[in-house]
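Trainee: Sharing coords-v8.pdb, PDB, C-alpha atoms:
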```
ATOM      1  CA  MET A   1       0.000   0.000   0.000
ATOM      2  CA  SER A   2       1.649   3.274   1.077
ATOM      3  CA  ILE A   3       3.781   4.709   3.862
ATOM      4  CA  PHE A   4       3.102   8.173   5.246
ATOM      5  CA  ARG A   5       6.131   9.628   7.027
ATOM      6  CA  LEU A   6       5.205  12.079   9.761
ATOM      7  CA  ALA A   7       8.017  13.938  11.544
ATOM      8  CA  HIS A   8       7.290  14.994  15.124
ATOM      9  CA  LEU A   9       9.258  17.646  16.979
ATOM     10  CA  SER A  10       8.323  19.824  19.913
ATOM     11  CA  ASP A  11       9.301  22.589  22.317
ATOM     12  CA  PRO A  12      11.956  24.332  20.192
ATOM     13  CA  HIS A  13      11.883  27.427  22.460
ATOM     14  CA  LEU A  14      13.227  29.791  19.827
ATOM     15  CA  PRO A  15      15.509  32.508  21.251
ATOM     16  CA  PRO A  16      13.524  35.677  22.043
ATOM     17  CA  PRO A  17      14.296  38.390  19.471
ATOM     18  CA  GLN A  18      15.253  41.929  20.347
ATOM     19  CA  GLY A  19      12.224  43.773  21.694
ATOM     20  CA  ALA A  20      10.356  40.680  22.850
ATOM     21  CA  PHE A  21      10.422  41.958  26.437
ATOM     22  CA  GLY A  22       9.584  45.543  27.373
ATOM     23  CA  TRP A  23       9.085  47.595  30.498
ATOM     24  CA  ARG A  24       5.316  46.957  30.401
ATOM     25  CA  ASP A  25       6.075  43.259  30.912
ATOM     26  CA  LEU A  26       7.589  43.897  34.341
ATOM     27  CA  LEU A  27       4.115  43.542  35.845
ATOM     28  CA  SER A  28       3.137  40.419  33.898
ATOM     29  CA  LYS A  29       3.955  36.726  33.931
ATOM     30  CA  ARG A  30       6.478  37.451  31.199
ATOM     31  CA  LEU A  31       8.861  38.682  33.901
ATOM     32  CA  LEU A  32       9.004  35.200  35.434
ATOM     33  CA  SER A  33       9.668  33.667  32.038
ATOM     34  CA  ARG A  34      12.408  36.199  31.337
ATOM     35  CA  ILE A  35      14.086  35.263  34.611
ATOM     36  CA  ALA A  36      13.715  31.575  33.764
ATOM     37  CA  TRP A  37      15.120  32.130  30.262
ATOM     38  CA  ARG A  38      18.375  33.468  31.730
ATOM     39  CA  ARG A  39      18.876  29.929  33.024
ATOM     40  CA  LYS A  40      17.193  27.976  30.220
ATOM     41  CA  HIS A  41      19.003  29.645  27.326
ATOM     42  CA  ARG A  42      22.079  27.608  28.208
ATOM     43  CA  GLU A  43      20.004  24.449  27.665
ATOM     44  CA  HIS A  44      17.965  25.493  24.622
ATOM     45  CA  ARG A  45      20.539  26.244  21.952
ATOM     46  CA  PRO A  46      19.773  27.581  18.448
ATOM     47  CA  GLU A  47      22.671  25.611  16.955
ATOM     48  CA  VAL A  48      21.199  22.396  18.365
ATOM     49  CA  LEU A  49      17.798  23.191  16.869
ATOM     50  CA  ALA A  50      19.431  24.029  13.529
ATOM     51  CA  ALA A  51      21.174  20.643  13.507
ATOM     52  CA  ILE A  52      17.938  18.808  14.338
ATOM     53  CA  VAL A  53      16.019  20.678  11.638
ATOM     54  CA  ALA A  54      18.728  19.989   9.052
ATOM     55  CA  ASP A  55      18.599  16.293   9.933
ATOM     56  CA  LEU A  56      14.801  16.269   9.683
ATOM     57  CA  LYS A  57      14.889  17.963   6.283
ATOM     58  CA  ALA A  58      17.477  15.478   5.020
ATOM     59  CA  HIS A  59      14.958  12.675   5.638
ATOM     60  CA  ALA A  60      12.219  14.473   3.655
ATOM     61  CA  PRO A  61       9.112  13.582   5.682
ATOM     62  CA  ASP A  62       5.669  13.912   4.127
ATOM     63  CA  HIS A  63       4.494  16.169   6.952
ATOM     64  CA  VAL A  64       5.869  17.798  10.110
ATOM     65  CA  ALA A  65       3.951  18.050  13.396
ATOM     66  CA  ILE A  66       5.189  20.553  15.993
ATOM     67  CA  THR A  67       3.519  20.241  19.388
ATOM     68  CA  GLY A  68       4.092  23.648  20.855
ATOM     69  CA  ASP A  69       6.324  26.069  22.732
ATOM     70  CA  LEU A  70       7.878  27.856  19.807
ATOM     71  CA  THR A  71       8.075  30.979  21.981
ATOM     72  CA  ASN A  72       9.010  31.784  25.563
ATOM     73  CA  TYR A  73       7.071  34.947  26.475
ATOM     74  CA  ALA A  74       4.236  34.808  23.900
ATOM     75  CA  ALA A  75       5.311  38.268  22.798
ATOM     76  CA  PRO A  76       4.241  39.704  19.412
ATOM     77  CA  ALA A  77       7.884  39.873  18.309
ATOM     78  CA  GLU A  78       8.234  36.164  19.114
ATOM     79  CA  TYR A  79       5.135  35.240  17.109
ATOM     80  CA  GLU A  80       6.661  37.027  14.138
ATOM     81  CA  ALA A  81      10.083  35.406  14.627
ATOM     82  CA  ALA A  82       8.415  31.997  14.862
ATOM     83  CA  ARG A  83       6.489  32.712  11.664
ATOM     84  CA  VAL A  84       9.765  33.418   9.853
ATOM     85  CA  TRP A  85      11.270  30.212  11.268
ATOM     86  CA  LEU A  86       8.254  28.202  10.126
ATOM     87  CA  GLU A  87       8.491  29.656   6.634
ATOM     88  CA  ALA A  88      12.078  28.421   6.420
ATOM     89  CA  LEU A  89      11.149  24.971   7.729
ATOM     90  CA  ALA A  90       8.763  23.886   4.968
ATOM     91  CA  PRO A  91       5.690  25.050   3.039
ATOM     92  CA  ALA A  92       2.812  25.764   5.419
ATOM     93  CA  ARG A  93       0.689  22.980   3.920
ATOM     94  CA  ASP A  94       3.355  20.491   5.073
ATOM     95  CA  VAL A  95       3.647  21.661   8.697
ATOM     96  CA  THR A  96       1.048  21.643  11.482
ATOM     97  CA  VAL A  97       1.613  23.522  14.737
ATOM     98  CA  SER A  98      -0.248  22.799  17.986
ATOM     99  CA  PRO A  99       0.411  25.754  20.347
ATOM    100  CA  GLY A 100       2.022  25.233  23.760
ATOM    101  CA  ASN A 101       1.641  26.903  27.136
ATOM    102  CA  HIS A 102       4.566  29.289  26.477
ATOM    103  CA  ASP A 103       2.798  30.357  23.282
ATOM    104  CA  ALA A 104      -0.170  31.499  25.410
ATOM    105  CA  LEU A 105       1.725  32.744  28.437
ATOM    106  CA  VAL A 106      -0.413  35.859  28.890
ATOM    107  CA  GLU A 107      -3.625  37.273  27.482
ATOM    108  CA  THR A 108      -2.890  38.912  24.149
ATOM    109  CA  LYS A 109      -4.279  42.158  22.848
ATOM    110  CA  GLY A 110      -7.305  41.417  20.681
ATOM    111  CA  GLY A 111      -7.564  37.856  21.974
ATOM    112  CA  ARG A 112      -6.141  36.230  18.816
ATOM    113  CA  PRO A 113      -2.649  35.081  19.843
ATOM    114  CA  PHE A 114      -2.018  32.540  17.094
ATOM    115  CA  ALA A 115      -3.365  34.456  14.093
ATOM    116  CA  PRO A 116       0.157  34.985  12.604
ATOM    117  CA  TRP A 117       0.526  31.196  12.476
ATOM    118  CA  THR A 118      -2.821  30.536  10.761
ATOM    119  CA  PRO A 119      -1.336  28.804   7.665
ATOM    120  CA  TRP A 120       0.443  26.303   9.942
ATOM    121  CA  LEU A 121      -2.535  25.582  12.217
ATOM    122  CA  GLY A 122      -4.754  23.929   9.615
ATOM    123  CA  ASP A 123      -6.224  24.264   6.157
ATOM    124  CA  GLU A 124      -9.050  26.501   7.368
ATOM    125  CA  GLY A 125      -8.623  30.268   7.450
ATOM    126  CA  LEU A 126      -9.560  32.518  10.331
ATOM    127  CA  GLY A 127     -13.121  32.263  11.587
ATOM    128  CA  GLU A 128     -15.679  35.010  12.013
ATOM    129  CA  GLY A 129     -14.142  37.965  13.791
ATOM    130  CA  GLY A 130     -10.630  36.741  13.037
ATOM    131  CA  ASP A 131     -10.691  33.962  15.614
ATOM    132  CA  VAL A 132      -8.639  30.776  15.375
ATOM    133  CA  ALA A 133     -10.976  27.914  16.278
ATOM    134  CA  PHE A 134      -9.746  24.477  17.307
ATOM    135  CA  PRO A 135      -9.718  21.603  16.562
ATOM    136  CA  ARG A 136      -8.508  22.106  13.033
ATOM    137  CA  VAL A 137      -8.347  19.124  10.687
ATOM    138  CA  ARG A 138      -5.923  18.330   7.916
ATOM    139  CA  VAL A 139      -6.192  15.260   5.672
ATOM    140  CA  ARG A 140      -3.004  14.115   3.998
ATOM    141  CA  ASP A 141      -2.729  10.870   2.020
ATOM    142  CA  GLY A 142      -5.110   8.828   4.148
ATOM    143  CA  VAL A 143      -4.062  10.452   7.436
ATOM    144  CA  ALA A 144      -6.322  12.860   9.339
ATOM    145  CA  LEU A 145      -4.507  15.258  11.676
ATOM    146  CA  PHE A 146      -6.742  16.663  14.415
ATOM    147  CA  ASN A 147      -4.931  19.723  15.705
ATOM    148  CA  LEU A 148      -5.927  20.602  19.277
ATOM    149  CA  CYS A 149      -4.963  23.603  21.374
ATOM    150  CA  SER A 150      -4.368  23.063  25.097
ATOM    151  CA  ALA A 151      -2.560  26.400  25.423
ATOM    152  CA  VAL A 152      -4.278  28.884  27.727
ATOM    153  CA  PRO A 153      -2.975  31.761  29.889
ATOM    154  CA  THR A 154      -2.472  30.661  33.490
ATOM    155  CA  ALA A 155      -1.503  32.162  36.830
ATOM    156  CA  PRO A 156       2.180  32.621  37.748
ATOM    157  CA  HIS A 157       4.090  29.382  38.404
ATOM    158  CA  LEU A 158       1.452  27.320  36.575
ATOM    159  CA  ALA A 159       1.886  25.678  33.166
ATOM    160  CA  THR A 160      -1.391  23.788  33.015
ATOM    161  CA  GLY A 161      -3.373  23.266  29.835
ATOM    162  CA  ARG A 162      -7.057  23.149  29.042
ATOM    163  CA  LEU A 163      -9.065  22.241  25.953
ATOM    164  CA  GLY A 164     -12.376  23.600  27.219
ATOM    165  CA  LYS A 165     -15.936  22.501  26.676
ATOM    166  CA  ALA A 166     -16.379  24.023  23.216
ATOM    167  CA  GLN A 167     -13.230  22.434  21.778
ATOM    168  CA  LEU A 168     -14.057  19.045  23.282
ATOM    169  CA  GLU A 169     -17.557  19.200  21.816
ATOM    170  CA  ARG A 170     -16.175  19.982  18.359
ATOM    171  CA  LEU A 171     -13.673  17.149  18.666
ATOM    172  CA  ASP A 172     -16.485  14.814  19.717
ATOM    173  CA  THR A 173     -18.349  15.687  16.521
ATOM    174  CA  LEU A 174     -15.276  15.367  14.310
ATOM    175  CA  LEU A 175     -14.210  11.970  15.627
ATOM    176  CA  ALA A 176     -17.762  10.693  15.104
ATOM    177  CA  ASP A 177     -17.838  11.977  11.507
ATOM    178  CA  PRO A 178     -17.941   9.059   8.997
ATOM    179  CA  ALA A 179     -15.752  11.117   6.670
ATOM    180  CA  TYR A 180     -12.748  10.322   8.875
ATOM    181  CA  ARG A 181     -13.690   6.784   9.932
ATOM    182  CA  ASP A 182     -11.443   4.962   7.458
ATOM    183  CA  LEU A 183      -8.500   7.364   7.815
ATOM    184  CA  PHE A 184      -5.584   6.997  10.211
ATOM    185  CA  ARG A 185      -6.527   9.536  12.895
ATOM    186  CA  VAL A 186      -3.726  11.412  14.683
ATOM    187  CA  LEU A 187      -4.330  13.907  17.505
ATOM    188  CA  LEU A 188      -1.794  16.692  18.064
ATOM    189  CA  ILE A 189      -1.709  18.354  21.490
ATOM    190  CA  HIS A 190       0.942  20.066  23.599
ATOM    191  CA  HIS A 191       0.059  18.718  27.066
ATOM    192  CA  PRO A 192       0.241  14.925  27.510
ATOM    193  CA  PRO A 193      -3.226  13.382  28.107
ATOM    194  CA  VAL A 194      -1.669  10.822  30.428
ATOM    195  CA  PRO A 195      -2.147  10.811  34.231
ATOM    196  CA  GLY A 196       1.108  11.446  36.070
ATOM    197  CA  ALA A 197       3.107  12.302  32.941
ATOM    198  CA  VAL A 198       3.927  15.739  34.371
ATOM    199  CA  ALA A 199       3.450  17.481  37.720
ATOM    200  CA  LYS A 200      -0.039  18.690  38.570
ATOM    201  CA  ARG A 201       0.935  22.321  38.023
ATOM    202  CA  LYS A 202       1.824  21.408  34.403
ATOM    203  CA  ALA A 203      -0.976  18.943  33.653
ATOM    204  CA  LEU A 204      -3.897  19.020  31.230
ATOM    205  CA  GLU A 205      -6.818  20.027  33.435
ATOM    206  CA  ASP A 206      -9.528  18.293  31.405
ATOM    207  CA  GLN A 207      -7.566  15.209  30.391
ATOM    208  CA  ASP A 208     -10.252  12.960  31.895
ATOM    209  CA  ALA A 209     -12.810  14.451  29.510
ATOM    210  CA  LEU A 210     -10.469  13.962  26.552
ATOM    211  CA  ARG A 211      -9.704  10.388  27.551
ATOM    212  CA  ALA A 212     -13.434   9.639  27.909
ATOM    213  CA  LEU A 213     -13.969  11.011  24.421
ATOM    214  CA  LEU A 214     -11.184   8.823  23.040
ATOM    215  CA  ALA A 215     -12.630   5.800  24.819
ATOM    216  CA  ARG A 216     -15.919   6.468  23.057
ATOM    217  CA  HIS A 217     -14.728   7.289  19.522
ATOM    218  CA  GLY A 218     -11.153   6.077  19.383
ATOM    219  CA  ALA A 219      -8.148   7.427  17.489
ATOM    220  CA  ASP A 220      -5.003   5.810  16.148
ATOM    221  CA  LEU A 221      -2.235   7.923  17.653
ATOM    222  CA  VAL A 222      -1.717  10.916  19.963
ATOM    223  CA  LEU A 223       1.432  13.065  19.703
ATOM    224  CA  HIS A 224       2.408  15.557  22.416
ATOM    225  CA  GLY A 225       5.282  17.594  23.836
ATOM    226  CA  HIS A 226       5.542  19.668  27.053
ATOM    227  CA  ALA A 227       7.286  17.051  29.231
ATOM    228  CA  HIS A 228      10.650  17.420  27.423
ATOM    229  CA  GLU A 229      10.924  13.636  27.655
ATOM    230  CA  ALA A 230      10.697  10.694  25.274
ATOM    231  CA  MET A 231       7.475   9.090  26.437
ATOM    232  CA  VAL A 232       5.451   6.106  25.201
ATOM    233  CA  ALA A 233       2.078   5.482  26.863
ATOM    234  CA  THR A 234      -1.462   4.517  25.925
ATOM    235  CA  ALA A 235      -4.990   5.817  26.353
ATOM    236  CA  PRO A 236      -8.053   3.523  26.432
ATOM    237  CA  GLY A 237     -10.023   3.328  23.197
ATOM    238  CA  PRO A 238     -13.332   1.614  22.340
ATOM    239  CA  ASP A 239     -13.876  -2.092  23.020
ATOM    240  CA  GLY A 240     -10.669  -2.557  24.979
ATOM    241  CA  ALA A 241      -8.403  -1.041  22.320
ATOM    242  CA  MET A 242      -5.376   0.960  23.434
ATOM    243  CA  ILE A 243      -4.342   4.159  21.659
ATOM    244  CA  PRO A 244      -0.577   4.876  21.528
ATOM    245  CA  VAL A 245       0.443   8.216  23.053
ATOM    246  CA  LEU A 246       3.917   9.404  22.052
ATOM    247  CA  GLY A 247       5.929  12.329  23.422
ATOM    248  CA  VAL A 248       9.228  13.754  22.190
ATOM    249  CA  PRO A 249      11.933  15.772  24.001
ATOM    250  CA  SER A 250      12.673  19.406  23.219
ATOM    251  CA  ALA A 251      14.112  19.943  19.755
ATOM    252  CA  SER A 252      16.702  22.431  21.047
ATOM    253  CA  ALA A 253      17.926  20.831  24.289
ATOM    254  CA  MET A 254      21.621  20.299  24.951
ATOM    255  CA  GLY A 255      20.708  17.562  27.415
ATOM    256  CA  GLU A 256      22.801  18.893  30.267
ATOM    257  CA  ARG A 257      20.119  19.713  32.871
ATOM    258  CA  GLY A 258      18.506  16.402  33.637
ATOM    259  CA  HIS A 259      16.439  16.189  30.443
ATOM    260  CA  PRO A 260      17.243  14.202  27.285
ATOM    261  CA  ALA A 261      19.140  15.905  24.496
ATOM    262  CA  ALA A 262      17.275  17.144  21.440
ATOM    263  CA  ARG A 263      15.605  14.673  19.125
ATOM    264  CA  TRP A 264      12.804  14.235  16.650
ATOM    265  CA  HIS A 265      10.673  11.225  15.826
ATOM    266  CA  GLY A 266      10.009   9.863  12.384
ATOM    267  CA  VAL A 267       6.612   8.167  12.548
ATOM    268  CA  GLU A 268       6.107   5.791   9.615
ATOM    269  CA  ILE A 269       2.429   4.930   9.075
ATOM    270  CA  ASP A 270       2.427   1.824   6.895
ATOM    271  CA  ARG A 271      -1.039   0.888   5.597
ATOM    272  CA  GLN A 272      -0.910  -2.684   4.435
ATOM    273  CA  ALA A 273      -2.806  -4.592   1.747
ATOM    274  CA  ASP A 274      -4.840  -6.626   4.253
ATOM    275  CA  GLY A 275      -6.237  -3.460   5.829
ATOM    276  CA  GLY A 276      -3.892  -3.510   8.819
ATOM    277  CA  VAL A 277      -1.625  -0.690   9.846
ATOM    278  CA  GLU A 278       1.895  -0.845  11.224
ATOM    279  CA  VAL A 279       3.394   2.247  12.822
ATOM    280  CA  ARG A 280       7.152   2.381  13.214
ATOM    281  CA  VAL A 281       9.061   5.066  15.088
ATOM    282  CA  VAL A 282      12.611   6.120  14.280
ATOM    283  CA  ALA A 283      14.080   8.304  17.020
ATOM    284  CA  ARG A 284      16.845  10.606  15.807
ATOM    285  CA  GLY A 285      18.731  13.091  17.949
ATOM    286  CA  LEU A 286      22.058  14.196  19.316
ATOM    287  CA  ASP A 287      24.451  11.296  19.665
ATOM    288  CA  PRO A 288      25.964  11.457  23.183
ATOM    289  CA  LYS A 289      29.412  10.611  21.798
ATOM    290  CA  THR A 290      29.608  12.836  18.743
ATOM    291  CA  GLY A 291      27.072  15.552  19.575
ATOM    292  CA  ARG A 292      25.700  15.239  16.044
ATOM    293  CA  PRO A 293      22.268  13.958  14.961
ATOM    294  CA  ALA A 294      22.105  10.193  14.529
ATOM    295  CA  GLU A 295      19.622   7.352  14.826
ATOM    296  CA  LEU A 296      19.082   6.600  18.514
ATOM    297  CA  SER A 297      16.519   3.810  18.289
ATOM    298  CA  ARG A 298      13.679   2.371  16.229
ATOM    299  CA  TYR A 299      10.689   0.317  17.252
ATOM    300  CA  VAL A 300       7.214  -0.760  16.223
ATOM    301  CA  LEU A 301       4.610   1.371  17.993
ATOM    302  CA  LEU A 302       1.481  -0.127  16.465
ATOM    303  CA  GLN A 303       1.065  -3.428  14.661
ATOM    304  CA  ALA A 304      -2.094  -4.545  12.859
ATOM    305  CA  GLY A 305      -4.000  -1.859  14.749
ATOM    306  CA  ARG A 306      -2.763  -2.864  18.240
ATOM    307  CA  PRO A 307       0.204  -1.658  20.308
ATOM    308  CA  PRO A 308       2.848  -4.442  20.462
ATOM    309  CA  ALA A 309       3.821  -5.948  23.802
ATOM    310  CA  GLY A 310       6.309  -3.844  25.724
ATOM    311  CA  HIS A 311       4.992  -0.488  24.530
ATOM    312  CA  ALA A 312       1.829  -0.225  26.620
TER
END
```
Kindly return the structure encoded in the file as structure tokens.

Mentor:
Amino acid sequence: MSIFRLAHLSDPHLPPPQGAFGWRDLLSKRLLSRIAWRRKHREHRPEVLAAIVADLKAHAPDHVAITGDLTNYAAPAEYEAARVWLEALAPARDVTVSPGNHDALVETKGGRPFAPWTPWLGDEGLGEGGDVAFPRVRVRDGVALFNLCSAVPTAPHLATGRLGKAQLERLDTLLADPAYRDLFRVLLIHHPPVPGAVAKRKALEDQDALRALLARHGADLVLHGHAHEAMVATAPGPDGAMIPVLGVPSASAMGERGHPAARWHGVEIDRQADGGVEVRVVARGLDPKTGRPAELSRYVLLQAGRPPAGHA
């Protein structure tokens, strides 16, 4: 049949450009993030991200999924810098971005924080009033990408996420739509929908509602970021099925502060002649010996529609 190659990277934390932080931000949550960035910038290195992106491009995936945290302060100058970076990555039709908590750090003027990234959020344009409504769906070669947004402004020292009632209701309708029933359905979200994956102050607040929805309608794969870890878990699907949930470390991390070094995942969705699907994952990232991108591991994530033993 055919193989769809989906590249997954997350949490690039692009360096804040000049003017991203101003005196008005001294009274906002951006001040805390600026203080944190003075420590984190030693971990999140632009040269590391450039090496990871070059390696990804060399493998020519069919599509790229980025699960959030392109920015650090959610400043207008950062949105613009991220837009320029995305333009250099690949054509917008070949990249889907699910915003992260840093991308919604504070309330934005006009209430439309992700409008500059509209071409990378989905195939739909802006809604009535210029709003960006989620979920947004993209269909590519038998694969349906359901792009969710768990990014919401939160109080200081919190990095929680929330989908909200309206987004969950739309997702409920979309997953029940017969138009997507025979496609390989992938959910993109920043916060992991897995209990205990991150501390409570960083967790997805309505993950139980999302998991109940998945148990009712099912999906084939969930990709997330946020934890800065390589994570493989499952979520219950219909009739005892288990849905693979895959997280990837930061794409810009040096790996010197207790987190894994930068990597990206190549997710190969192999639809076979008998109607089964095998999903293979190739993890590529910084080799601990050479410091250059290399293959770190490969494994089968899903076989004939079921997660193989050892990856539950």

Trainee: Give as an MDAnalysis selection string every residue, naming chains and numbers as the document does, that has an atom within 10 Å of (-6.5, 24.2, 2.2), counting all atoms listed in the file.

Mentor: chainID A and resid 92:93 119 122:125 138:139

Trainee: Skip A:Arg181 itself and residues of its chain fewer than 6 positions away, then list as an MDAnalysis selection string all residues within 10 Å of it, counting only C-alpha atoms.

Mentor: chainID A and resid 144 174:175 217:219

Trainee: For the structure provided, state which residues fall under the PyMOL selection byres ((chain A and resi 190) around 10), and present them as a ChimeraX atom specification.

Mentor: /A:10-11,66-69,97-101,147-151,161,188-189,191-193,204,223-227,247

Trainee: Between A:Val300, A:Ala50, A:Leu70, A:Val143, single out the one closest to A:Arg185, counting all atoms listed in the file.

Mentor: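 Among the listed residues, A:Val143 lies closest to A:Arg185.
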
Trainee: Run the PyMOL selection byres ((chain A and resi 206) around 8) on the file and write out the hits as a compact mmCIF listing (two decimals) with C-alpha atoms, in the coordinates of the input.

Mentor:
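Resulting contents of result-v1.txt:
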```
# COMPACT_ATOMS: atom_id res chain seq x y z
CA ARG A 162 -7.06 23.15 29.04
CA LEU A 163 -9.06 22.24 25.95
CA GLY A 164 -12.38 23.60 27.22
CA LEU A 204 -3.90 19.02 31.23
CA GLU A 205 -6.82 20.03 33.44
CA GLN A 207 -7.57 15.21 30.39
CA ASP A 208 -10.25 12.96 31.90
CA ALA A 209 -12.81 14.45 29.51
CA LEU A 210 -10.47 13.96 26.55
```

Trainee: Hey, what comes out of the PyMOL selection byres ((chain A and resi 167) around 9) on this file? Could you write it as a ChimeraX atom specification?

Mentor: /A:133-135,148-149,163-166,168-172

Trainee: Skipping near chain neighbours, those fewer than 2 positions away, what residues fall within 12 Å of stretch 284-296 of chain A using all atoms listed in the file, listed as a ChimeraX atom specification?

Mentor: /A:7-9,47-56,58-59,230,248-256,260-267,281-282,298-299

Trainee: Between atom CA of A:Gln272 and atom CA of A:Asp182, measure the distance and give it in Å to one decimal.

Mentor: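 About the pair atom CA of A:Gln272 and atom CA of A:Asp182: they are 13.4 Å apart.
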
Trainee: Calculate how many Å separate atom CA of A:Arg257 from atom CA of A:Pro195, rounding to one decimal.

Mentor: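 According to the coordinates, atom CA of A:Arg257 and atom CA of A:Pro195 are separated by 24.0 Å.
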
Trainee: Can you work out the spacing between atom CA of A:Pro76 and atom CA of A:Pro156 in Å, to one decimal?

Mentor: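 According to the coordinates, atom CA of A:Pro76 and atom CA of A:Pro156 are separated by 19.8 Å.
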
Trainee: Would you mind telling me which residue in A:Ala74, A:Ala176, A:Pro61, A:His13 lies nearest to A:Pro46 when using only C-alpha atoms?

Mentor: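 Between A:Ala74, A:Ala176, A:Pro61, A:His13, the residue approaching A:Pro46 most closely is A:His13.
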
Trainee: Applying 12 Å and only C-alpha atoms, which residues near A:Arg280 remain after dropping the ones on its own chain fewer than 2 positions away? List them as a PyMOL selection string.

Mentor: chain A and resi 3-7+221+244+246+265-271+277-278+282-283+297-304+307-308+311
